[in-house]
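*Asks:* Have a look at this one before I ask anything.
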Amino acid sequence: MTALPAASLPAASRGAGDYKSKVKPIWCPGCGDFGVLTAITRALSDLGLPPEQIAVVSGIGCSSRIPAYLNAYGFHGVHGRALPVATGLKLSRPDMTVLVASGDGDGYSIGGNHFLHACRRNVDLTYIVMDNRVYGMTKGQPSPTTEPEWDSELAPGGTGLRAFNPLVIALAAGANFIARCFSGNPIETAQIIVEAVRTPGFSFVEILSPCITFRPDEHEWKKAVRQASVSETSDPSRAAKRLMTDDGFNVGILYRGDRTPYQPRLAPVPDALATMAREFAV
Amino acid sequence: MTPARRKKSARLYRVRVPAELLRIAHAMENEARVRYGELADQLDAHNNTDVADLFRRMAEIEALHVAKVLALAGGKITTPADAPPFPDDEGPETAATAAAHYLMTPHHALSIMLKNEQRAFRFYSRVARTTKAKDVRNLAQQLAQEEKEHIQLAQAWLAKYPPPPNGWDEDPDPPSGAG
């Protein structure tokens with residue numbers, strides 16, 4: 001599917017509030033995911049997309065509750081399996097804008113295999129991962145992105161395991177758009193989500209989203225994040241060098257490629273209803 | 001705020017006509033109203049009703065400000081009710097969602113309100129200082145004066161709610177995201 005041309009979008013006909021559902025979020029007050037929700041609704045408003053043309057697919061975890069809080073089609077799915085569901089949806093309904101929401105546990109551990117192949121397939125999806133470096137819903141176990149030395153009651157002394165670097169993995173596996181954002185800057189995050197949706201192919205947006213309950217130390221992220229000092233690149237080798245050497249707090253669009261998205265030609269849909277009516281006619 | 005963002009915001013202070021300042025003020029007050037309402041809902045979900053009620057009251061106060069700005073504009077603000085005040089950042093009067101905590105006390109809520117009102121005061125004061133248009137300056141000074149009164153109100157409320165002892169946020173059985 002081609003990118004949505006900005007010129008054809010209706011002019012600010014829907015406000016961000018029109019993309020919020022009536023369901024009240026139950027995340028812990030102070031959770032970074034509230035900032036992500038604000039960013040997504042703002043982005044959808046900026047894109048001017050009708051709610052019925054949007055689907056949000058998620059897995060399991062705190063962050064995966066987000067489809068319920070949005071006024072769009074939603075699918076709160078199986079742990080780690082948001083990407084296959086979203087892939088099937090997008091391939092069968094290429095006219096729809098499909099966002100996929102996940103967390104660092106759901107997306108990189110339970111769903112790690114799907115992450116690799118979603119990048120490789122390059123279906124036109126926008127994958128938003130709210131990374132808080134902890135399993136919050138199950139009360140604070142280390143996740144794939146947790147720092148090896150993070151000491152907690154559930155991992156005394158830390159895991160000692162090297163943290164997963166999702167942006168490098170995404171680049172190596174073939175993602176067409178790679179960005180990092182911070183939930184504390186919802187407007188900048190919205191602007192990047194808009195770019196992610198407009199860029200054809202698999203767009204990966206990693207959002208640093210603090211868990212203030214199990215990782216109160218992540219309050220300090222607001223002091224650590226900074227705009228990436230280099231502009232976006234379409235050169236994978238430059239992007240690789242940049243991503244391998246940054247400290248995880250550079251925000252912005254870090255890579256934008258030009259791979260053609262995977263979209264097989266759809267077989268004609270049989271007139272299923274008419275066929276059924278004939279079969280069941282008495 | 002990063003230097004780049006501060007530079008962007010500084011550009012926004014160069015308001016040329018009163019209608020533009022009223023549009024920004026209307027959006028700022030409305031964004032603050034919505035955010036206080038969201039914070040109230042968040043605290044309600046975690047049975048912290050005292051603070052939820054306080055945030056709801058702040059939302060009501062902001063709703064009065066929205067109406068007042070609209071009246072100043074003669075009802076002629078045509079942008080959508082939830083249009084953002086600025087393209088690059090949330091308004092100075094909008095509470096950051098990250099400032100909340102499920103165990104927060106009225107002292108924390110009022111401290112958030114105080115900071116927001118102080119930021120709004122600085123914003124209008126800066127517009128008044130930097131504009132070359134006399135009518136914009138007069139309007140900005142009027143809006144700054146109102147924010148100054150709100151600062152005094154927040155300070156008076158805050159005096160009744162001293163900070164809680166250290167360890168207020170310690171919880172041997174914290175919530176999970178499943179509520």
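Letters for chains follow the order of the structure tokens (A, B, ...), residue numbers begin at 1 for each chain, and ligand numbers begin at 1 in the order shown.
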Per residue of chain B within 6 Å of chain A, what are the shortest atom pair and its distance in Å to one decimal, counting only C-alpha atoms, with rows by chain and residue number, as CSV?

*Replies:*
residue,atom,partner,partner_atom,distance
B:Gln42,CA,A:Pro29,CA,5.6
B:Ala45,CA,A:Ile26,CA,5.9
B:Asp82,CA,A:Gly15,CA,5.8
B:Asp89,CA,A:Ile187,CA,5.5
B:Thr97,CA,A:Gly30,CA,5.5
B:Ala98,CA,A:Gly30,CA,4.1
B:Ala99,CA,A:Gly30,CA,5.7
B:Ala100,CA,A:Gly30,CA,4.3
B:His101,CA,A:Pro29,CA,4.9
B:Tyr102,CA,A:Pro29,CA,5.3
B:Ser176,CA,A:Met137,CA,4.6
B:Gly177,CA,A:Met137,CA,4.5
B:Gly179,CA,A:Ile26,CA,5.8

*Asks:* Could the residues in this selection be written to a file with N, CA and C atoms, as a compact mmCIF listing (two decimals), in the first residue's frame?

*Replies:*
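Ended up saving to result36.txt:
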# COMPACT_ATOMS: atom_id res chain seq x y z
N GLN B 42 -8.18 8.59 36.46
CA GLN B 42 -7.11 7.65 36.82
C GLN B 42 -7.09 7.37 38.31
N ALA B 45 -9.99 5.23 39.40
CA ALA B 45 -9.79 3.80 39.08
C ALA B 45 -8.96 3.10 40.15
N ASP B 82 -11.08 20.68 21.06
CA ASP B 82 -9.86 20.02 21.55
C ASP B 82 -8.67 20.25 20.62
N ASP B 89 4.26 21.08 21.25
CA ASP B 89 4.32 20.72 22.65
C ASP B 89 2.95 20.90 23.30
N THR B 97 1.11 13.72 32.47
CA THR B 97 0.50 12.49 33.00
C THR B 97 1.48 11.76 33.91
N ALA B 98 2.77 11.94 33.64
CA ALA B 98 3.78 11.23 34.43
C ALA B 98 3.88 11.75 35.86
N ALA B 99 3.25 12.88 36.14
CA ALA B 99 3.37 13.47 37.48
C ALA B 99 2.49 12.75 38.50
N ALA B 100 1.59 11.91 38.04
CA ALA B 100 0.64 11.26 38.96
C ALA B 100 1.22 10.00 39.59
N HIS B 101 0.57 9.56 40.65
CA HIS B 101 0.92 8.31 41.31
C HIS B 101 -0.33 7.81 42.02
N TYR B 102 -0.52 6.51 42.05
CA TYR B 102 -1.79 6.02 42.62
C TYR B 102 -1.89 6.29 44.12
N SER B 176 -1.20 -4.37 39.81
CA SER B 176 -0.74 -4.83 38.51
C SER B 176 -1.55 -4.07 37.48
N GLY B 177 -1.10 -4.10 36.25
CA GLY B 177 -1.79 -3.37 35.20
C GLY B 177 -3.18 -3.91 34.93
N GLY B 179 -5.43 -4.10 37.05
CA GLY B 179 -6.37 -3.38 37.91
C GLY B 179 -6.79 -4.17 39.13

*Asks:* Which residues, written as a PDB file with C-alpha atoms, in the first residue's frame, have at least one atom at most 9 Å from Ser109 of chain A, with only C-alpha atoms counted and residues fewer than 5 positions away on the same chain left out?

*Replies:*
ATOM      1  CA  GLY A  80       3.036 -12.327  21.768  1.00  0.00           C
ATOM      2  CA  ASP A 104       8.766  -5.280  25.733  1.00  0.00           C
ATOM      3  CA  SER A 143      12.018  -8.434  30.638  1.00  0.00           C
ATOM      4  CA  PRO A 144      14.314  -8.834  27.600  1.00  0.00           C
TER       5      PRO A 144
END

*Asks:* DSSP on the backbone: which residues in segment 76-174 of chain B end up as helix (DSSP H, G or I)? Give the answer as a PyMOL selection string.

*Replies:* chain B and resi 97-99+106-130+134-160

*Asks:* Would you tabulate, counting only C-alpha atoms, all residues of segment 108-165 of chain B that have an atom at most 10 Å from an atom of segment 15-29 of chain B, showing the closest pair of atoms and their distance in Å to one decimal, sorted by chain then ascending number, as CSV?

*Replies:*
residue,atom,partner,partner_atom,distance
B:Ala120,CA,B:Met28,CA,8.8
B:Tyr124,CA,B:Ala25,CA,9.1
B:Val127,CA,B:Val15,CA,7.0
B:Ala128,CA,B:Val15,CA,9.3
B:Thr130,CA,B:Val15,CA,8.7
B:Thr131,CA,B:Val15,CA,6.5
B:Lys132,CA,B:Arg16,CA,7.7
B:Ala133,CA,B:Arg16,CA,6.5
B:Lys134,CA,B:Val17,CA,9.4
B:Asp135,CA,B:Pro18,CA,6.5
B:Val136,CA,B:Pro18,CA,4.9
B:Arg137,CA,B:Pro18,CA,8.6
B:Asn138,CA,B:Pro18,CA,9.1
B:Leu139,CA,B:Pro18,CA,6.9
B:Ala140,CA,B:Leu21,CA,7.7
B:Leu143,CA,B:Ala25,CA,8.5

*Asks:* I'd like the neighbourhood of Ser58 of chain A as an NGL selection string, where a residue qualifies if any of its atoms comes within 6 Å (using only C-alpha atoms), though same-chain residues fewer than 6 positions away should be ignored.

*Replies:* :A and (64 or 76-77 or 82 or 100-102)

*Asks:* How would the residues just picked look written out with C-alpha atoms as an mmCIF file, in the first residue's frame?

*Replies:*
data_model
loop_
_atom_site.group_PDB
_atom_site.id
_atom_site.type_symbol
_atom_site.label_atom_id
_atom_site.label_comp_id
_atom_site.auth_asym_id
_atom_site.auth_seq_id
_atom_site.Cartn_x
_atom_site.Cartn_y
_atom_site.Cartn_z
ATOM 1 C CA SER A 64 -1.796 -4.193 25.199
ATOM 2 C CA HIS A 76 -6.818 -7.618 22.216
ATOM 3 C CA GLY A 77 -5.245 -10.895 21.281
ATOM 4 C CA ALA A 82 -0.363 -9.424 17.872
ATOM 5 C CA VAL A 100 -0.023 -2.963 16.401
ATOM 6 C CA ALA A 101 0.570 -2.333 20.104
ATOM 7 C CA SER A 102 2.805 -4.312 22.375
#
